[in-house]
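Here is the file model-v7.txt (compact mmCIF, C-alpha atoms).
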# COMPACT_ATOMS: atom_id res chain seq x y z
CA MET A 1039 0.00 0.00 0.00
CA SER A 1040 1.35 3.43 -0.91
CA VAL A 1041 2.22 6.18 1.55
CA GLU A 1042 -0.58 8.29 0.10
CA ALA A 1043 -3.07 5.53 0.81
CA ASN A 1044 -1.88 5.25 4.38
CA HIS A 1045 -2.29 8.98 4.86
CA SER A 1046 -5.80 8.94 3.45
CA THR A 1047 -6.71 6.12 5.84
CA LEU A 1048 -5.49 8.08 8.86
CA SER A 1049 -6.87 11.41 7.75
CA LEU A 1050 -8.37 13.39 10.60
CA ASP A 1051 -10.81 15.19 8.34
CA THR A 1052 -12.39 12.38 6.39
CA GLY A 1053 -15.77 11.10 7.38
CA GLY A 1054 -14.91 7.42 6.87
CA GLY A 1055 -15.20 4.82 9.58
CA SER A 1056 -11.39 4.66 9.97
CA SER A 1057 -11.04 8.37 10.70
CA LEU A 1058 -9.64 9.13 14.15
CA ARG A 1059 -10.58 12.78 14.26
CA PRO A 1060 -14.13 12.37 15.68
CA VAL A 1061 -12.77 10.14 18.43
CA LEU A 1062 -9.95 12.54 19.28
CA GLU A 1063 -12.34 15.51 19.26
CA TRP A 1064 -14.71 13.69 21.62
CA LEU A 1065 -11.86 12.80 23.98
CA ALA A 1066 -10.34 16.29 23.85
CA ARG A 1067 -13.54 18.12 24.67
CA ARG A 1068 -14.36 15.85 27.58
CA ALA A 1069 -10.83 15.70 28.92
CA GLU A 1070 -10.66 19.46 29.53
CA PRO A 1071 -12.91 19.62 32.64
CA VAL A 1072 -11.31 16.47 34.05
CA VAL A 1073 -7.72 17.65 33.60
CA ILE A 1074 -8.32 21.23 34.73
CA GLY A 1075 -10.50 20.07 37.62
CA LEU A 1076 -7.87 17.64 38.88
CA ALA A 1077 -5.17 20.28 38.46
CA ALA A 1078 -7.28 22.72 40.50
CA ILE A 1079 -7.72 20.19 43.29
CA LEU A 1080 -4.00 19.41 43.39
CA ALA A 1081 -3.14 23.11 43.37
CA GLY A 1082 -5.60 23.74 46.20
CA LEU A 1083 -4.12 20.90 48.26
CA ALA A 1084 -0.62 22.23 47.64
CA LEU A 1085 -1.63 25.73 48.70
CA PHE A 1086 -3.31 24.40 51.83
CA SER A 1087 -0.21 22.34 52.61
CA ILE A 1088 1.78 25.56 52.86
CA PHE A 1089 -0.66 26.82 55.48
CA ILE A 1090 -0.39 23.54 57.44
CA LEU A 1091 3.41 23.74 57.35
CA ALA A 1092 3.27 27.34 58.57
CA ILE A 1093 1.45 26.27 61.75
CA GLY A 1094 3.93 23.49 62.42
CA LYS A 1095 1.90 20.47 61.28
CA SER A 1096 2.59 17.81 58.68
CA PRO A 1097 0.50 18.00 55.48
CA VAL A 1098 1.25 14.35 54.75
CA ALA A 1099 -0.11 13.31 58.15
CA LEU A 1100 -3.17 15.51 57.60
CA PHE A 1101 -4.02 13.96 54.24
CA GLN A 1102 -3.44 10.47 55.59
CA ILE A 1103 -5.90 11.14 58.40
CA MET A 1104 -8.37 12.63 55.93
CA TYR A 1105 -8.22 9.45 53.87
CA ALA A 1106 -8.54 7.25 56.96
CA GLY A 1107 -11.49 9.26 58.25
CA GLY A 1108 -13.30 9.29 54.93
CA PHE A 1109 -12.43 6.03 53.17
CA GLY A 1110 -10.01 4.06 55.35
CA SER A 1111 -12.58 1.52 56.58
CA TRP A 1112 -16.06 0.25 55.81
CA PHE A 1113 -17.40 2.34 58.68
CA SER A 1114 -15.72 5.46 57.26
CA ILE A 1115 -17.05 4.77 53.76
CA GLN A 1116 -20.60 4.42 55.06
CA ASN A 1117 -20.22 7.65 57.03
CA SER A 1118 -19.00 9.41 53.90
CA LEU A 1119 -21.92 8.07 51.85
CA SER A 1120 -24.41 9.27 54.46
CA ARG A 1121 -22.92 12.75 54.32
CA ALA A 1122 -22.93 12.67 50.52
CA ALA A 1123 -26.74 12.31 50.30
CA PRO A 1124 -27.60 15.93 51.20
CA LEU A 1125 -24.60 17.18 49.21
CA LEU A 1126 -25.98 15.58 46.04
CA LEU A 1127 -29.25 17.45 46.42
CA THR A 1128 -27.83 20.82 47.45
CA ALA A 1129 -25.35 20.60 44.56
CA LEU A 1130 -28.29 20.17 42.18
CA CYS A 1131 -29.71 23.37 43.68
CA VAL A 1132 -26.66 25.12 42.23
CA ALA A 1133 -26.15 23.09 39.06
CA LEU A 1134 -29.63 23.33 37.52
CA PRO A 1135 -29.93 27.15 37.60
CA ALA A 1136 -26.33 27.36 36.35
CA ARG A 1137 -27.54 25.98 33.01
CA LEU A 1138 -29.44 29.25 32.66
CA GLY A 1139 -26.40 31.30 33.64
CA LEU A 1140 -27.60 31.83 37.22
CA VAL A 1141 -25.32 31.56 40.26
CA ILE A 1142 -27.55 30.58 43.18
CA ILE A 1143 -25.93 29.85 46.53
CA GLY A 1144 -29.01 29.68 48.76
CA GLY A 1145 -29.39 25.92 49.07
CA GLU A 1146 -28.75 26.08 52.80
CA GLY A 1147 -31.88 28.15 53.35
CA ALA A 1148 -34.08 25.82 51.30
CA LEU A 1149 -32.64 22.83 53.17
CA VAL A 1150 -33.39 24.12 56.68
CA LEU A 1151 -36.89 25.30 55.76
CA GLY A 1152 -37.56 22.00 54.01
CA GLY A 1153 -36.58 20.20 57.18
CA VAL A 1154 -38.85 22.41 59.29
CA ALA A 1155 -41.76 21.92 56.87
CA ALA A 1156 -41.29 18.14 56.97
CA ALA A 1157 -41.24 18.12 60.77
CA ALA A 1158 -44.25 20.45 60.97
CA ILE A 1159 -46.43 18.28 58.77
CA ALA A 1160 -45.26 15.08 60.48
CA THR A 1161 -46.43 16.25 63.91
CA PRO A 1162 -50.20 16.10 63.25
CA LEU A 1163 -49.99 13.12 60.87
CA THR A 1164 -47.94 10.79 63.06
CA GLY A 1165 -50.24 8.17 64.52
CA ILE A 1166 -53.09 9.09 62.18
CA LEU A 1167 -51.59 8.05 58.84
CA PRO A 1168 -49.33 5.03 58.28
CA PRO A 1169 -45.58 5.68 57.99
CA TYR A 1170 -45.26 5.64 54.18
CA PRO A 1171 -48.03 8.17 53.42
CA THR A 1172 -46.65 10.36 56.19
CA LEU A 1173 -43.14 10.24 54.73
CA ILE A 1174 -44.51 11.08 51.28
CA ALA A 1175 -46.41 14.03 52.73
CA MET A 1176 -43.22 15.18 54.50
CA ALA A 1177 -41.24 14.97 51.26
CA LEU A 1178 -43.88 16.87 49.28
CA ALA A 1179 -44.10 19.60 51.92
CA ALA A 1180 -40.32 19.99 52.07
CA MET A 1181 -40.00 20.11 48.28
CA ALA A 1182 -42.84 22.63 47.98
CA VAL A 1183 -41.27 24.98 50.52
CA GLY A 1184 -37.85 24.67 48.90
CA ALA A 1185 -39.35 25.29 45.46
CA VAL A 1186 -41.10 28.45 46.62
CA TRP A 1187 -38.00 29.70 48.46
CA ILE A 1188 -35.55 29.34 45.57
CA GLY A 1189 -38.20 29.91 42.91
CA ALA A 1190 -38.69 33.35 44.46
CA VAL A 1191 -35.02 34.03 43.72
CA GLY A 1192 -35.60 33.25 40.04
CA PHE A 1193 -38.71 35.41 40.01
CA LEU A 1194 -36.85 38.37 41.50
CA ARG A 1195 -34.00 37.89 39.05
CA HIS A 1196 -36.09 37.88 35.90
CA TYR A 1197 -38.96 40.21 36.74
CA ARG A 1198 -37.27 42.69 39.08
CA GLY A 1199 -33.60 42.47 38.07
CA VAL A 1200 -32.41 41.47 41.56
CA ASN A 1201 -29.04 39.71 41.56
CA GLU A 1202 -29.72 36.04 42.27
CA THR A 1203 -26.43 35.40 44.06
CA ILE A 1204 -26.98 38.14 46.64
CA SER A 1205 -30.70 37.48 47.10
CA SER A 1206 -30.24 33.71 47.55
CA LEU A 1207 -27.46 34.24 50.09
CA LEU A 1208 -29.49 36.77 52.09
CA LEU A 1209 -32.54 34.52 51.98
CA SER A 1210 -30.44 31.76 53.54
CA TYR A 1211 -29.85 33.91 56.61
CA ILE A 1212 -33.57 34.70 56.77
CA ALA A 1213 -34.39 30.98 56.46
CA ILE A 1214 -32.09 30.05 59.34
CA ALA A 1215 -33.62 32.78 61.49
CA LEU A 1216 -37.12 31.50 60.65
CA MET A 1217 -36.07 27.96 61.48
CA ASN A 1218 -34.75 29.03 64.88
CA GLN A 1219 -37.90 31.02 65.59
CA LEU A 1220 -40.23 28.13 64.69
CA VAL A 1221 -38.21 25.42 66.41
CA GLU A 1222 -37.83 27.45 69.59
CA GLY A 1223 -41.41 28.71 69.43
CA PRO A 1224 -44.63 27.23 68.06
CA LEU A 1225 -43.13 23.92 66.82
CA ARG A 1226 -41.01 23.20 69.88
CA ASP A 1227 -41.45 19.89 71.66
CA PRO A 1228 -41.83 20.68 75.39
CA ALA A 1229 -39.71 17.63 76.16
CA SER A 1230 -36.69 19.13 74.36
CA LEU A 1231 -35.11 21.03 77.21
CA ASN A 1232 -31.39 21.49 76.45
CA LYS A 1233 -31.66 21.56 72.67
CA PRO A 1234 -34.90 22.99 71.25
CA SER A 1235 -36.39 20.76 68.56
CA THR A 1236 -39.66 19.63 67.09
CA MET A 1237 -41.39 16.40 68.08
CA THR A 1238 -39.13 13.38 67.59
CA LEU A 1239 -40.31 11.00 64.89
CA PRO A 1240 -41.15 7.48 66.09
CA ALA A 1241 -38.80 4.78 64.83
CA ASP A 1242 -41.31 3.34 62.35
CA TYR A 1243 -41.76 6.79 60.79
CA ARG A 1244 -38.05 7.14 60.05
CA ILE A 1245 -36.32 6.38 56.76
CA GLY A 1246 -34.45 3.12 57.23
CA ALA A 1247 -31.05 1.93 56.09
CA ILE A 1248 -30.15 0.20 52.85
CA PRO A 1249 -29.90 -3.56 53.55
CA GLY A 1250 -26.37 -4.54 54.48
CA MET A 1251 -25.29 -0.93 54.99
CA ASP A 1252 -25.53 1.74 57.65
CA VAL A 1253 -26.59 4.28 55.00
CA HIS A 1254 -30.16 5.52 54.70
CA TRP A 1255 -32.26 5.23 51.57
CA GLY A 1256 -31.95 8.97 51.03
CA LEU A 1257 -28.69 8.30 49.21
CA VAL A 1258 -30.55 6.28 46.58
CA LEU A 1259 -33.15 9.05 46.21
CA ALA A 1260 -30.39 11.63 45.79
CA VAL A 1261 -28.61 9.59 43.10
CA LEU A 1262 -31.92 9.14 41.26
CA ALA A 1263 -32.43 12.91 41.46
CA CYS A 1264 -29.05 13.43 39.78
CA ILE A 1265 -29.92 10.96 37.01
CA LEU A 1266 -33.33 12.55 36.42
CA SER A 1267 -31.73 16.01 36.38
CA TYR A 1268 -29.27 14.87 33.72
CA VAL A 1269 -32.13 13.51 31.60
CA LEU A 1270 -34.07 16.74 32.10
CA ILE A 1271 -31.15 18.87 30.92
CA GLU A 1272 -29.82 16.70 28.10
CA ALA A 1273 -32.84 14.83 26.73
CA THR A 1274 -35.87 17.09 26.97
CA ARG A 1275 -37.07 20.20 25.13
CA PHE A 1276 -37.34 21.96 28.47
CA GLY A 1277 -33.65 21.31 29.11
CA PHE A 1278 -32.63 22.31 25.60
CA ALA A 1279 -34.53 25.57 25.93
CA ALA A 1280 -32.84 26.24 29.27
CA ARG A 1281 -29.38 25.65 27.77
CA MET A 1282 -30.22 27.95 24.88
CA ALA A 1283 -31.45 30.67 27.25
CA GLY A 1284 -28.33 30.26 29.35
CA GLY A 1285 -26.12 30.73 26.31
CA ASN A 1286 -27.82 33.89 25.09
CA VAL A 1287 -30.96 35.22 26.78
CA ARG A 1288 -31.61 37.79 24.05
CA ALA A 1289 -31.41 35.19 21.30
CA ALA A 1290 -33.73 32.91 23.27
CA GLN A 1291 -36.27 35.71 23.61
CA ILE A 1292 -36.09 36.46 19.89
CA GLN A 1293 -36.81 32.78 19.21
CA GLY A 1294 -39.90 33.08 21.37
CA LEU A 1295 -38.71 30.97 24.30
CA PRO A 1296 -40.46 31.67 27.64
CA VAL A 1297 -37.30 32.77 29.43
CA GLY A 1298 -39.16 33.94 32.54
CA ARG A 1299 -40.94 30.63 33.01
CA LEU A 1300 -37.71 28.74 32.37
CA ILE A 1301 -35.87 30.71 35.04
CA VAL A 1302 -38.62 30.38 37.64
CA GLY A 1303 -39.21 26.74 36.73
CA PHE A 1304 -35.57 25.67 36.96
CA THR A 1305 -34.96 27.57 40.18
CA ALA A 1306 -38.10 26.02 41.69
CA ILE A 1307 -36.97 22.51 40.73
CA ALA A 1308 -33.54 23.26 42.17
CA GLY A 1309 -35.07 24.50 45.41
CA SER A 1310 -37.26 21.42 45.68
CA PHE A 1311 -34.17 19.22 45.70
CA ALA A 1312 -32.60 21.25 48.49
CA GLY A 1313 -35.87 21.08 50.43
CA LEU A 1314 -35.88 17.30 49.99
CA ALA A 1315 -32.38 17.23 51.49
CA GLY A 1316 -33.80 18.89 54.61
CA MET A 1317 -36.57 16.30 54.83
CA LEU A 1318 -34.02 13.48 54.61
CA GLU A 1319 -32.00 15.02 57.42
CA VAL A 1320 -35.11 15.07 59.61
CA ALA A 1321 -36.54 11.67 58.66
CA ALA A 1322 -33.29 9.72 58.35
CA VAL A 1323 -30.61 11.41 60.47
CA GLN A 1324 -31.81 13.87 63.12
CA GLY A 1325 -35.27 12.52 63.81
CA SER A 1326 -36.54 16.07 64.35
CA ALA A 1327 -35.96 19.62 63.14
CA ASN A 1328 -33.39 21.48 65.22
CA ALA A 1329 -30.40 23.79 64.89
CA SER A 1330 -28.31 20.90 63.53
CA LEU A 1331 -30.11 21.30 60.20
CA ALA A 1332 -27.86 24.28 59.48
CA ALA A 1333 -24.79 22.04 59.14
CA GLY A 1334 -23.37 23.78 56.06
CA TYR A 1335 -24.46 21.19 53.48
CA GLY A 1336 -25.91 23.95 51.31
CA TYR A 1337 -22.57 25.76 51.18
CA THR A 1338 -20.53 22.61 50.54
CA GLY A 1339 -22.95 21.79 47.74
CA ILE A 1340 -21.74 24.93 45.95
CA LEU A 1341 -18.22 23.52 45.86
CA VAL A 1342 -19.51 20.14 44.67
CA ALA A 1343 -21.45 21.73 41.81
CA PHE A 1344 -18.51 23.84 40.64
CA LEU A 1345 -16.11 20.90 40.83
CA ALA A 1346 -18.57 18.89 38.73
CA ARG A 1347 -18.89 21.72 36.21
CA HIS A 1348 -22.64 21.62 36.92
CA ASN A 1349 -22.95 18.15 35.41
CA PRO A 1350 -25.54 16.19 37.45
CA LEU A 1351 -23.81 12.85 36.84
CA ALA A 1352 -20.37 14.18 37.79
CA ILE A 1353 -21.89 15.50 41.01
CA VAL A 1354 -22.24 11.93 42.33
CA PRO A 1355 -18.53 10.97 42.73
CA ILE A 1356 -17.52 14.48 43.80
CA ALA A 1357 -20.21 14.57 46.49
CA VAL A 1358 -18.88 11.27 47.84
CA LEU A 1359 -15.35 12.71 47.85
CA LEU A 1360 -16.44 15.87 49.69
CA GLY A 1361 -18.59 13.78 52.02
CA GLY A 1362 -15.48 11.83 52.98
CA LEU A 1363 -13.63 15.07 53.55
CA GLU A 1364 -16.31 16.29 55.95
CA ALA A 1365 -16.45 12.91 57.69
CA SER A 1366 -12.74 13.20 58.57
CA GLY A 1367 -13.14 16.48 60.51
CA GLY A 1368 -13.55 14.87 63.92
CA LEU A 1369 -10.58 12.56 63.40
CA ILE A 1370 -8.38 15.51 62.41
CA GLN A 1371 -9.38 17.32 65.58
CA ARG A 1372 -8.56 14.35 67.82
CA ARG A 1373 -5.31 13.20 66.25
CA MET A 1374 -3.68 16.44 65.17
CA GLY A 1375 -5.10 18.95 67.61
CA LEU A 1376 -6.47 21.06 64.77
CA PRO A 1377 -9.93 22.62 64.95
CA ASP A 1378 -12.83 20.88 63.27
CA ALA A 1379 -13.06 23.93 60.98
CA THR A 1380 -9.86 22.79 59.27
CA VAL A 1381 -12.01 20.96 56.75
CA VAL A 1382 -13.99 24.14 56.10
CA ALA A 1383 -10.74 26.05 55.54
CA LEU A 1384 -9.62 23.42 53.04
CA GLN A 1385 -12.95 23.60 51.23
CA GLY A 1386 -12.64 27.39 51.01
CA THR A 1387 -9.13 27.09 49.60
CA LEU A 1388 -10.28 24.57 47.00
CA PHE A 1389 -13.21 26.77 46.02
CA ILE A 1390 -10.99 29.82 45.46
CA VAL A 1391 -8.53 27.83 43.35
CA ILE A 1392 -11.35 26.25 41.34
CA LEU A 1393 -12.83 29.67 40.58
CA PHE A 1394 -9.38 30.90 39.53
CA CYS A 1395 -8.91 27.89 37.24
CA GLU A 1396 -12.18 28.69 35.46
CA THR A 1397 -10.13 31.26 33.52
CA PHE A 1398 -8.12 28.46 31.89
CA TYR A 1399 -11.03 26.84 30.08
CA GLY A 1400 -10.78 27.28 26.32
CA ARG A 1401 -7.15 28.45 26.41
CA PHE A 1402 -5.39 25.21 25.50
CA LYS A 1403 -5.33 24.08 21.87
CA VAL A 1404 -5.08 20.42 22.84
CA PHE A 1405 -8.63 20.61 24.27
CA ASN A 1406 -10.08 22.70 21.42
CA PRO A 1407 -10.39 20.74 18.15
CA ASP A 1408 -11.44 23.93 16.33
CA LEU A 1409 -7.86 25.17 16.71
CA TRP A 1410 -6.20 22.01 15.46
CA LYS A 1411 -4.34 22.68 12.18
CA GLY A 1412 -3.09 19.25 11.20
CA ARG A 1413 -5.13 17.25 8.73
CA HIS A 1414 -3.27 13.97 9.17
CA LEU A 1415 -1.85 11.85 11.96

Could you spell out this file's structure in structure tokens?
Amino acid sequence: MSVEANHSTLSLDTGGGSSLRPVLEWLARRAEPVVIGLAAILAGLALFSIFILAIGKSPVALFQIMYAGGFGSWFSIQNSLSRAAPLLLTALCVALPARLGLVIIGGEGALVLGGVAAAAIATPLTGILPPYPTLIAMALAAMAVGAVWIGAVGFLRHYRGVNETISSLLLSYIAIALMNQLVEGPLRDPASLNKPSTMTLPADYRIGAIPGMDVHWGLVLAVLACILSYVLIEATRFGFAARMAGGNVRAAQIQGLPVGRLIVGFTAIAGSFAGLAGMLEVAAVQGSANASLAAGYGYTGILVAFLARHNPLAIVPIAVLLGGLEASGGLIQRRMGLPDATVVALQGTLFIVILFCETFYGRFKVFNPDLWKGRHL
């Protein structure tokens, strides 16, 4: 076979079945978020290591303890998975509106109010309805409250021009204040003396564990929510319209797309997921609504969503990773004498580096097939 024939077989531009260009383009475009994301994580860890060295501690020992606390044993893995469940849902609260170009960071508020709503509706229904209808009612109430809370952010953004990032953050503080007021006031169980809380759910009204694991079924619900969100975004007209509006709102309006309804609809769906996370914390972890609902899952979910590049499927492994990181906080405190907030400081460092690395997307030719000049391998 001639050299010319070989070159034609390996041509990157031909449409034949032997062409390698489509494969290389597919790999290049999908490798960019993985490579830059991993580089951002490594850079964040390196930067945090400098801080650990400055206070006289060993970064190697710290990371070893983090691994042991998050994934070093079956017990640690189950603890990490339990913590990942609310992170999956609060990350969706960030990722779905991001497809419309919105940066919403108020998942914490929707979570705590969702938990309070679930506890409030469970109080009169417990003992009257069987467990499963009661749990369904709790989930629906939590999702409805979360949808209204974050949907209001989308409404204010589109119809009144209020910045969604600021409004969602401020609404989180209002939500936590409302939660404290309700839990310490009209919804308080008189038997909760030292720590105000709502009525404790009976054992048969709690969400149980997955067989063979010490992880509640909320993890399965959260993973299903991520899968359904991916289908919504990638395989429906509603999702396609949202992506189009996120790329260029003006063009979407010219095409006749209902941008306002898309924004309110996607923010409401996002809020419903965060509200569901609050219900799971009440029905599977806490057993009641109390101050422990404001555990920071809504804020960690922001980091998860950005690390995943707002891809609902990529959220799953990253939430597990961040769940393991949070699970190691107590072990770090006991073994190294560092405060439990060390994990929060690391998360903040990673978030800053990840935001900085956003500027590198689209700058490397190897990840952009449109800039490739060669026609042959």

So which one's closest to Val1358 (chain A), A:Leu1126, A:Leu1318, A:Val1141, A:Met1104? Using only C-alpha atoms, please.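 The answer is A:Leu1126, which sits nearest to Val1358 (chain A).
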
Nearest residue to Leu1209 (chain A) from the set A:Tyr1170, A:Trp1187, A:Trp1064, A:Trp1410 (distances using all atoms listed in the file): A:Trp1187

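Using all atoms listed in the file, the shortest contact distance between Arg1226 (chain A) and any of A:Asn1328, A:Ser1096, A:Ser1114, A:Gln1371 is found at A:Asn1328.
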
Would you please work out which residue, of A:Gly1285, A:Gly1362, A:Gly1277, A:Gly1325, is nearest to Leu1134 (chain A) when using all atoms listed in the file? A:Gly1277

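Between CA of Phe1113 (chain A) and CA of Leu1359 (chain A) the interatomic distance comes to 15.1 Å.
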
Spatial sel., origin (-2.7, 17.0, 48.6), limit 8 Å, all atoms listed in the file, listed as a PDB file with C-alpha atoms, keeping the file's coordinate frame:
ATOM      1  CA  ILE A1079      -7.720  20.190  43.290  1.00  0.00           C
ATOM      2  CA  LEU A1080      -4.000  19.410  43.390  1.00  0.00           C
ATOM      3  CA  GLY A1082      -5.600  23.740  46.200  1.00  0.00           C
ATOM      4  CA  LEU A1083      -4.120  20.900  48.260  1.00  0.00           C
ATOM      5  CA  ALA A1084      -0.620  22.230  47.640  1.00  0.00           C
ATOM      6  CA  SER A1087      -0.210  22.340  52.610  1.00  0.00           C
ATOM      7  CA  PRO A1097       0.500  18.000  55.480  1.00  0.00           C
ATOM      8  CA  VAL A1098       1.250  14.350  54.750  1.00  0.00           C
ATOM      9  CA  PHE A1101      -4.020  13.960  54.240  1.00  0.00           C
TER      10      PHE A1101
END

In Å, rounded to a single decimal, give me how far CA of Gly1400 (chain A) is from CA of Ala1346 (chain A).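 One can read the CA of Ala1346 (chain A) to CA of Gly1400 (chain A) distance as 16.9 Å.
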
Atomic distance CA of Ala1180 (chain A) - CA of Asn1201 (chain A), expressed in Å with one decimal: 25.0 Å

Of the candidates A:Ile1356, A:Val1320, A:Val1186, A:Ile1301, which one gets nearest to Ala1158 (chain A) if we count all atoms listed in the file? A:Val1320

Taking only C-alpha atoms into account, name the residue in A:Gly1316, A:Gly1256, A:Gly1108, A:Pro1407 that is nearest to Glu1146 (chain A). A:Gly1316

May I have the residues within 8 Å of Val1297 (chain A) as a list of chain:residue names, using all atoms listed in the file and disregarding those fewer than 2 positions away in the same chain?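 Using all atoms listed in the file, the neighbours found are A:Ala1280, A:Ala1283, A:Val1287, A:Ala1290, A:Gln1291, A:Leu1295, A:Arg1299, A:Leu1300, A:Ile1301.
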
Serialized selection, C-alpha atoms, as a PDB file, keeping the file's coordinate frame:
ATOM      1  CA  ALA A1280     -32.840  26.240  29.270  1.00  0.00           C
ATOM      2  CA  ALA A1283     -31.450  30.670  27.250  1.00  0.00           C
ATOM      3  CA  VAL A1287     -30.960  35.220  26.780  1.00  0.00           C
ATOM      4  CA  ALA A1290     -33.730  32.910  23.270  1.00  0.00           C
ATOM      5  CA  GLN A1291     -36.270  35.710  23.610  1.00  0.00           C
ATOM      6  CA  LEU A1295     -38.710  30.970  24.300  1.00  0.00           C
ATOM      7  CA  ARG A1299     -40.940  30.630  33.010  1.00  0.00           C
ATOM      8  CA  LEU A1300     -37.710  28.740  32.370  1.00  0.00           C
ATOM      9  CA  ILE A1301     -35.870  30.710  35.040  1.00  0.00           C
TER      10      ILE A1301
END

Could you give me, as JSON lines, a per-residue list for region 1070-1147 of chain A showing, wherever an atom lies at most 10 Å from an atom of region 1333-1338 of chain A, the closest pair of atoms and their distance in Å to one decimal, using only C-alpha atoms and sorting by chain then residue number from low to high?
{"residue": "A:Arg1121", "atom": "CA", "partner": "A:Tyr1335", "partner_atom": "CA", "distance": 8.6}
{"residue": "A:Ala1122", "atom": "CA", "partner": "A:Tyr1335", "partner_atom": "CA", "distance": 9.1}
{"residue": "A:Ala1123", "atom": "CA", "partner": "A:Tyr1335", "partner_atom": "CA", "distance": 9.7}
{"residue": "A:Pro1124", "atom": "CA", "partner": "A:Tyr1335", "partner_atom": "CA", "distance": 6.5}
{"residue": "A:Leu1125", "atom": "CA", "partner": "A:Tyr1335", "partner_atom": "CA", "distance": 5.9}
{"residue": "A:Leu1126", "atom": "CA", "partner": "A:Tyr1335", "partner_atom": "CA", "distance": 9.4}
{"residue": "A:Leu1127", "atom": "CA", "partner": "A:Gly1336", "partner_atom": "CA", "distance": 8.8}
{"residue": "A:Thr1128", "atom": "CA", "partner": "A:Gly1336", "partner_atom": "CA", "distance": 5.3}
{"residue": "A:Ala1129", "atom": "CA", "partner": "A:Gly1336", "partner_atom": "CA", "distance": 7.6}
{"residue": "A:Cys1131", "atom": "CA", "partner": "A:Gly1336", "partner_atom": "CA", "distance": 8.5}
{"residue": "A:Val1132", "atom": "CA", "partner": "A:Gly1336", "partner_atom": "CA", "distance": 9.2}
{"residue": "A:Ile1143", "atom": "CA", "partner": "A:Tyr1337", "partner_atom": "CA", "distance": 7.0}
{"residue": "A:Gly1144", "atom": "CA", "partner": "A:Gly1336", "partner_atom": "CA", "distance": 7.0}
{"residue": "A:Gly1145", "atom": "CA", "partner": "A:Gly1336", "partner_atom": "CA", "distance": 4.6}
{"residue": "A:Glu1146", "atom": "CA", "partner": "A:Gly1336", "partner_atom": "CA", "distance": 3.9}
{"residue": "A:Gly1147", "atom": "CA", "partner": "A:Gly1336", "partner_atom": "CA", "distance": 7.6}

Exercise on region 1266-1281 of chain A, axis-aligned box with 4 Å per side, report centre and edge lengths in Å to one decimal, as lines of an AutoDock Vina configuration file:
center_x = -33.3
center_y = 19.4
center_z = 30.8
size_x = 16.1
size_y = 21.7
size_z = 19.3
